[in-house]
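K.L.:
Right, I'll just put the structure down here and ask away after.
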Amino acid sequence: PLNGTVGGTIVFTTTLTPAESQFSSIEWKFGQKRIFFGYGTNTTAPEYEDRITLMSAGSLELRNLSLTDSGQYTVNMVTNTFLNGTTRLDVYVPISNVTINDNDTDLVEFNSSVRLSCSSSGSSPSFRWLNSSSEVTASDRVQLNDGGSTLTIVNVTRYDQGPFRCHVANPVSNGTSGPVNFIISYGPENTILSPLPQEHYEEGSDIILSCSAVSQPPAQLYWFMNGKQLNETGPDLKLLNIQTNQSGNYSCRAFNPNTLRYDTSQFSVLSVISGTSVTPSTNLPIEGNSVNLTCEAAGSVFSRMWMKDGSALNLSDNMNLYEQNSVLSFNTLDKRDSGEYSCRVSNPISAEVAQYTLAVNYGPENVQIKGPAEIQFGQTLTLSCSAESRPSASYNWTLNGTLIEGQNSSLLTKAIRYPEDSGNYTCHAVNFVTDRSLAATRRLSITGKLLFKTSSCSAGCIAGIVIACIVVIVAAAAISYYICKTK
């Protein structure tokens with residue numbers, strides 16, 4: 001097959017050798033139409049006059065090609081035998097005026113998509129796209145449509161900025177467009193401080209740092225302390241002899257006004273931990289009530305760790321930690337919560353520990369009486385009462401519901417003389433802090449003989465005797481007074 005250019009010339013060359021080129025007749029046909037015949041004299045079709053020349057070995061030159069010349073050509077020859085051959089000619093318009101049209105060249109990385117269209121003059125074009133010197137191929141982000149003449153890039157990246165060129169070709173010519181470049185905004189990212197800052201700075205340090213970020217266009221740089229913007233802007237920060245009131249978290253924030261994105265790099269200025277204390281919400285913790293232990297400290301507090309009796313605190317069901325572990329809360333105190341609580345406050349440059357002894361007031365409970373249940377007349381009764389209580393319980397005793405005077409300790413001693421000394425001895429334990437009381441009772445039986453007779457006189461009888469005695473005394477006093485007065 002032969003390819004020709006509109007307006008150009010093509011030669012249909014046979015494969016005959018000079019020895020074979022002695023023919024008596026020759027015929028060239030375009031499709032079914034005879035365009036040249038030679039048999040003694042040469043005859044050319046009128047429309048091919050001045051366009052055809054027969055050459056040696058039966059070859060044919062065709063000039064001033066047009067698109068309509070495309071098709072099949074056949075040669076027939078008569079030598080000492082009959083010969084023929086066939087070929088095809090395709091005529092093309094040369095490629096020219098290759099241009100690219102774009103819908104946008106100002107893009108944002110990961111947000112924008114772009115569409116490029118390639119156009120040209122010429123016939124049967126094929127399209128190929130180049131990014132710099134690399135050929136662009138279809139992928140998840142790259143689409144080639146309309147026979148390759150349209151290039152679409154979805155969610156552009158900074159590596160898609162070009163230059164992009166469109167290369168157009170057909171079998172007889174080719175052409176390349178001028179470059180198209182994109183302005184792709186990206187970042188900021190990889191915001192860094194130099195020299196590389198320490199993880200933490202102590203009071204009195206000098207801080208001189210520069211901030212930079214990868215960004216297009218260049219990022220705007222701002223400085224912050226504890227989230228509040230400082231007056232300093234631009235890449236440089238200078239803090240000399242920093243003091244306690246300057247401690248906190250510092251950051252350089254890079255901002256890209258095109259992408260509307262931020263990126264941050266930060267460091268800390270710390271003050272030494274001091275004045276650590278643990279304070280209770282009440283000075284009288286009582287079992288069953290709630291209490292909070294609050295751990296406070298001055299300085300840059302990074303962490304608080306609680307311990308009990310020298311070991312790490314394991315939170316039980318009645319405990320909770322609040323406010324960044326600064327408050328240890330007991331929902332319902334238990335006497336087993338008593339102990340020495342420690343709060344360790346620390347940061348990377350210092351630490352301090354404060355302690356508090358929690359003594360849970362409880363009881364009384366488990367009140368018990370020790371002593372005999374049976375005793376003989378004339379013996380001394382000794383009963384001992386005990387109770388679990390913080391603070392220690394106060395005691396009093398009753399016999400058959402009547403308070404026993406003078407018995408205000410855990411130990412009761414009493415001489416057993418009368419039958420009325422038998423019965424229920426009750427020990428009453430009282431905790432005046434918890435405002436709670438509890439009692440225990442011991443039943444006492446008396447055996448043996450009475451040492452003293454007891455009168456069977458009733459209460460009325462006794463009252464009469466007392467009155468008579470009083471009358472006698474008053475009468476004796478009156479007589480004595482009268483005798484003295486007479487004398």
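Residues in the structure tokens are named by chain (A, B, ... in the order shown) and by number from 1 within that chain; ligands are numbered from 1 in the order shown.
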Tell me which protein, DNA and RNA residues are within 9 Å of Ser271 (chain A), counting only C-alpha atoms, leaving out same-chain ones fewer than 6 positions away, and put them as a list of chain:residue names.

P.N.:
A:Tyr201, A:Glu202, A:Glu203, A:Gln243, A:Thr244, A:Asn245, A:Gln246, A:Ser247, A:Gly248, A:Ala298, A:Gly299, A:Ser300, A:Val301, A:Asn347, A:Ile349, A:Ser350

K.L.:
Excluding region 427-437 of chain A and any residue of its chain fewer than 2 positions from it, enumerate the residues within 8 Å of it, using only C-alpha atoms, and give them as a list in words.

P.N.:
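That gives Leu284, Ile286, Asn361, Tyr362, Gly363, Pro364, Val367, Ile369, Cys385, Ala387, Ser389, Arg390, Pro391, Ser392, Ala393, Ser394, Tyr395, Asn396, Trp397, Thr398, Ser410, Tyr425, Ala439, Ala440 and Thr441 of chain A.
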
K.L.:
I need the residue nearest Trp306 (chain A) from this list: A:Thr137, A:Thr150, A:Asn325, A:Ser119. Use only C-alpha atoms for the distance.

P.N.:
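Checking each candidate against Trp306 (chain A), we get A:Asn325 as the closest.
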
K.L.:
Do a neighbour search on Met55 (chain A) at 10 Å with only C-alpha atoms, toss out local chain neighbours closer than 5 positions, and write the hits as a list in words.

P.N.:
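Listed by chain and then number, they are Val11, Phe12, Thr13, Thr14, Leu60 and Glu61 of chain A.
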
K.L.:
Write the residues you've just listed into a file as a PDB file, in the first residue's frame, and include N, CA and C atoms for each of them.

P.N.:
```pdb
ATOM      1  N   VAL A  11       4.650   7.277  -7.264  1.00  0.00           N
ATOM      2  CA  VAL A  11       5.105   6.391  -8.339  1.00  0.00           C
ATOM      3  C   VAL A  11       4.710   4.971  -7.985  1.00  0.00           C
ATOM      4  N   PHE A  12       3.919   4.348  -8.855  1.00  0.00           N
ATOM      5  CA  PHE A  12       3.582   2.935  -8.713  1.00  0.00           C
ATOM      6  C   PHE A  12       4.690   2.147  -9.395  1.00  0.00           C
ATOM      7  N   THR A  13       5.544   1.535  -8.628  1.00  0.00           N
ATOM      8  CA  THR A  13       6.722   0.867  -9.171  1.00  0.00           C
ATOM      9  C   THR A  13       6.478  -0.630  -9.258  1.00  0.00           C
ATOM     10  N   THR A  14       6.687  -1.189 -10.436  1.00  0.00           N
ATOM     11  CA  THR A  14       6.533  -2.638 -10.609  1.00  0.00           C
ATOM     12  C   THR A  14       7.787  -3.347 -10.133  1.00  0.00           C
ATOM     13  N   LEU A  60       4.359   3.613 -13.048  1.00  0.00           N
ATOM     14  CA  LEU A  60       3.505   4.741 -13.407  1.00  0.00           C
ATOM     15  C   LEU A  60       3.643   5.840 -12.369  1.00  0.00           C
ATOM     16  N   GLU A  61       3.823   7.072 -12.838  1.00  0.00           N
ATOM     17  CA  GLU A  61       3.885   8.236 -11.948  1.00  0.00           C
ATOM     18  C   GLU A  61       2.561   8.976 -12.026  1.00  0.00           C
TER      19      GLU A  61
END
```

K.L.:
Just want the 7 Å neighbourhood of Val156 (chain A), counted on only C-alpha atoms, with same-chain residues fewer than 6 positions away dropped. Output as a list in words.

P.N.:
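The filter keeps Glu109, Phe110, Ser112 and Ser113 of chain A.
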
K.L.:
Find the spatial neighbours of region 259-269 of chain A, counting only C-alpha atoms, within a cut-off of 8 Å - ignore same-chain residues fewer than 3 positions away - and output them as a PyMOL selection string.

P.N.:
chain A and resi 108-109+185-193+197-203+246-256

K.L.:
Deliver the residues from the most recent selection as a file, using N, CA, C and O atoms, as a short mmCIF file (atom, residue, chain, number, x, y, z; two decimals), in the first residue's frame.

P.N.:
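Written output follows (again30.cif):
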```cif
data_model
loop_
_atom_site.label_atom_id
_atom_site.label_comp_id
_atom_site.auth_asym_id
_atom_site.auth_seq_id
_atom_site.Cartn_x
_atom_site.Cartn_y
_atom_site.Cartn_z
N VAL A 108 -6.88 23.77 41.87
CA VAL A 108 -6.55 23.44 43.25
C VAL A 108 -6.36 21.93 43.36
O VAL A 108 -7.23 21.16 42.93
N GLU A 109 -5.24 21.53 43.93
CA GLU A 109 -4.92 20.11 44.04
C GLU A 109 -6.02 19.37 44.79
O GLU A 109 -6.51 19.82 45.82
N SER A 185 -2.60 25.06 42.67
CA SER A 185 -2.35 25.45 44.07
C SER A 185 -2.42 24.20 44.94
O SER A 185 -3.33 23.37 44.80
N TYR A 186 -1.46 24.06 45.86
CA TYR A 186 -1.44 22.91 46.75
C TYR A 186 -0.85 23.31 48.09
O TYR A 186 -0.25 24.38 48.24
N GLY A 187 -1.03 22.40 49.06
CA GLY A 187 -0.49 22.67 50.39
C GLY A 187 -1.39 23.62 51.19
O GLY A 187 -2.50 23.95 50.78
N PRO A 188 -0.88 24.08 52.36
CA PRO A 188 0.47 23.81 52.88
C PRO A 188 0.58 22.41 53.50
O PRO A 188 -0.41 21.83 53.93
N GLU A 189 1.81 21.93 53.53
CA GLU A 189 2.10 20.65 54.16
C GLU A 189 3.57 20.64 54.55
O GLU A 189 4.34 21.52 54.15
N ASN A 190 3.93 19.64 55.36
CA ASN A 190 5.32 19.53 55.82
C ASN A 190 5.80 20.83 56.45
O ASN A 190 6.91 21.30 56.16
N THR A 191 4.94 21.42 57.28
CA THR A 191 5.35 22.64 57.98
C THR A 191 6.41 22.28 59.01
O THR A 191 6.19 21.41 59.86
N ILE A 192 7.55 22.92 58.92
CA ILE A 192 8.67 22.57 59.81
C ILE A 192 9.24 23.83 60.44
O ILE A 192 9.09 24.95 59.92
N LEU A 193 9.86 23.62 61.59
CA LEU A 193 10.54 24.68 62.32
C LEU A 193 12.04 24.40 62.25
O LEU A 193 12.47 23.25 62.38
N PRO A 197 13.26 22.41 66.73
CA PRO A 197 13.09 22.83 68.12
C PRO A 197 13.20 21.66 69.09
O PRO A 197 12.98 20.50 68.73
N GLN A 198 13.56 22.00 70.33
CA GLN A 198 13.49 21.01 71.38
C GLN A 198 12.03 20.61 71.59
O GLN A 198 11.12 21.37 71.26
N GLU A 199 11.84 19.44 72.15
CA GLU A 199 10.46 19.03 72.42
C GLU A 199 9.82 19.97 73.43
O GLU A 199 8.65 20.30 73.33
N HIS A 200 10.63 20.45 74.40
CA HIS A 200 10.13 21.38 75.41
C HIS A 200 11.25 22.34 75.78
O HIS A 200 12.43 22.00 75.74
N TYR A 201 10.85 23.55 76.15
CA TYR A 201 11.79 24.56 76.62
C TYR A 201 11.49 24.90 78.07
O TYR A 201 10.33 24.93 78.49
N GLU A 202 12.54 25.19 78.84
CA GLU A 202 12.37 25.62 80.21
C GLU A 202 12.35 27.14 80.29
O GLU A 202 12.75 27.84 79.36
N GLU A 203 11.88 27.62 81.44
CA GLU A 203 11.89 29.06 81.69
C GLU A 203 13.33 29.58 81.59
O GLU A 203 14.29 28.91 81.96
N GLN A 246 4.87 33.04 80.01
CA GLN A 246 4.99 32.73 78.59
C GLN A 246 4.97 31.23 78.32
O GLN A 246 5.14 30.80 77.19
N SER A 247 4.78 30.43 79.37
CA SER A 247 4.76 28.99 79.17
C SER A 247 3.45 28.58 78.51
O SER A 247 2.42 29.23 78.67
N GLY A 248 3.52 27.51 77.75
CA GLY A 248 2.34 27.03 77.04
C GLY A 248 2.72 26.34 75.75
O GLY A 248 3.89 26.03 75.50
N ASN A 249 1.73 26.10 74.91
CA ASN A 249 1.94 25.44 73.63
C ASN A 249 2.00 26.49 72.52
O ASN A 249 1.05 27.26 72.33
N TYR A 250 3.12 26.53 71.81
CA TYR A 250 3.32 27.45 70.70
C TYR A 250 3.18 26.68 69.38
O TYR A 250 3.54 25.50 69.30
N SER A 251 2.69 27.37 68.37
CA SER A 251 2.56 26.72 67.07
C SER A 251 2.74 27.73 65.95
O SER A 251 2.43 28.92 66.10
N CYS A 252 3.28 27.23 64.84
CA CYS A 252 3.35 27.99 63.59
C CYS A 252 2.28 27.41 62.68
O CYS A 252 2.29 26.21 62.39
N ARG A 253 1.37 28.26 62.24
CA ARG A 253 0.28 27.81 61.38
C ARG A 253 0.46 28.38 59.99
O ARG A 253 0.55 29.60 59.80
N ALA A 254 0.54 27.49 59.01
CA ALA A 254 0.67 27.89 57.61
C ALA A 254 -0.70 27.85 56.95
O ALA A 254 -1.45 26.88 57.12
N PHE A 255 -1.02 28.90 56.18
CA PHE A 255 -2.34 29.00 55.54
C PHE A 255 -2.17 29.33 54.06
O PHE A 255 -1.41 30.23 53.70
N ASN A 256 -2.88 28.58 53.21
CA ASN A 256 -2.88 28.84 51.77
C ASN A 256 -4.22 29.44 51.39
O ASN A 256 -5.25 28.78 51.50
#
```

K.L.:
Excluding Ser117 (chain A) and its own-chain neighbours fewer than 3 positions away, which residues fall within 9 Å of it when counting only C-alpha atoms? Please give them as a ChimeraX atom specification.

P.N.:
/A:99-103,149-152,166

K.L.:
Can you write out the residues you just picked, keeping C-alpha atoms, as an mmCIF file, in the first residue's frame?

P.N.:
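So the final result, stored in result_36.cif, reads:
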```
data_model
loop_
_atom_site.group_PDB
_atom_site.id
_atom_site.type_symbol
_atom_site.label_atom_id
_atom_site.label_comp_id
_atom_site.auth_asym_id
_atom_site.auth_seq_id
_atom_site.Cartn_x
_atom_site.Cartn_y
_atom_site.Cartn_z
ATOM 1 C CA THR A 99 -4.031 23.679 18.925
ATOM 2 C CA ILE A 100 -5.227 22.961 22.472
ATOM 3 C CA ASN A 101 -8.305 24.455 24.097
ATOM 4 C CA ASP A 102 -8.672 24.284 27.908
ATOM 5 C CA ASN A 103 -11.546 25.092 30.244
ATOM 6 C CA SER A 149 -8.625 14.268 21.077
ATOM 7 C CA THR A 150 -10.048 15.119 24.520
ATOM 8 C CA LEU A 151 -7.994 14.732 27.714
ATOM 9 C CA THR A 152 -9.756 14.966 31.093
ATOM 10 C CA CYS A 166 -0.976 17.403 21.765
#
```

K.L.:
Which residues, written as a VMD selection string, have at least one atom at most 8 Å from Asp334 (chain A), with only C-alpha atoms counted and residues fewer than 6 positions away on the same chain left out?

P.N.:
chain A and resid 287 to 288 360

K.L.:
Can you write just those residues out, N, CA and C atoms, as a PDB file, in the first residue's frame?

P.N.:
```
ATOM      1  N   GLU A 287     -18.395   6.950 106.105  1.00  0.00           N
ATOM      2  CA  GLU A 287     -18.757   5.813 105.273  1.00  0.00           C
ATOM      3  C   GLU A 287     -20.192   5.967 104.784  1.00  0.00           C
ATOM      4  N   GLY A 288     -20.351   5.715 103.463  1.00  0.00           N
ATOM      5  CA  GLY A 288     -21.672   5.853 102.863  1.00  0.00           C
ATOM      6  C   GLY A 288     -21.888   7.198 102.202  1.00  0.00           C
ATOM      7  N   VAL A 360     -11.560   7.220 106.842  1.00  0.00           N
ATOM      8  CA  VAL A 360     -13.021   7.146 106.699  1.00  0.00           C
ATOM      9  C   VAL A 360     -13.643   6.828 108.060  1.00  0.00           C
TER      10      VAL A 360
END
```

K.L.:
Could you tell me which of A:Thr15, A:Ser120, A:Thr332, A:Gln220 comes closest to Pro285 (chain A) if we count only C-alpha atoms?

P.N.:
A:Thr332

K.L.:
So what do you get for CA of Val327 (chain A) versus CA of Lys228 (chain A), distance-wise?

P.N.:
27.4 Å

K.L.:
Which one of A:Asp140, A:Glu405, A:Glu340, A:Asp69 sits closest to Glu47 (chain A) if you count only C-alpha atoms?

P.N.:
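Once distances to Glu47 (chain A) are computed over only C-alpha atoms, the minimum belongs to A:Asp69.
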
K.L.:
Just to confirm, what's the straight-line distance from CA of Val75 (chain A) to CA of Tyr48 (chain A) in Å (one decimal)?

P.N.:
15.9 Å

K.L.:
What residues in region 175-358 of chain A get the DSSP label strand (DSSP E)? Please answer as an NGL selection string.

P.N.:
:A and (175-176 or 183-194 or 200-201 or 207-216 or 220-225 or 228-233 or 236-239 or 248-256 or 261-269 or 274-280 or 291-298 or 303-308 or 311-312 or 319-322 or 327-330 or 339-347 or 350-358)
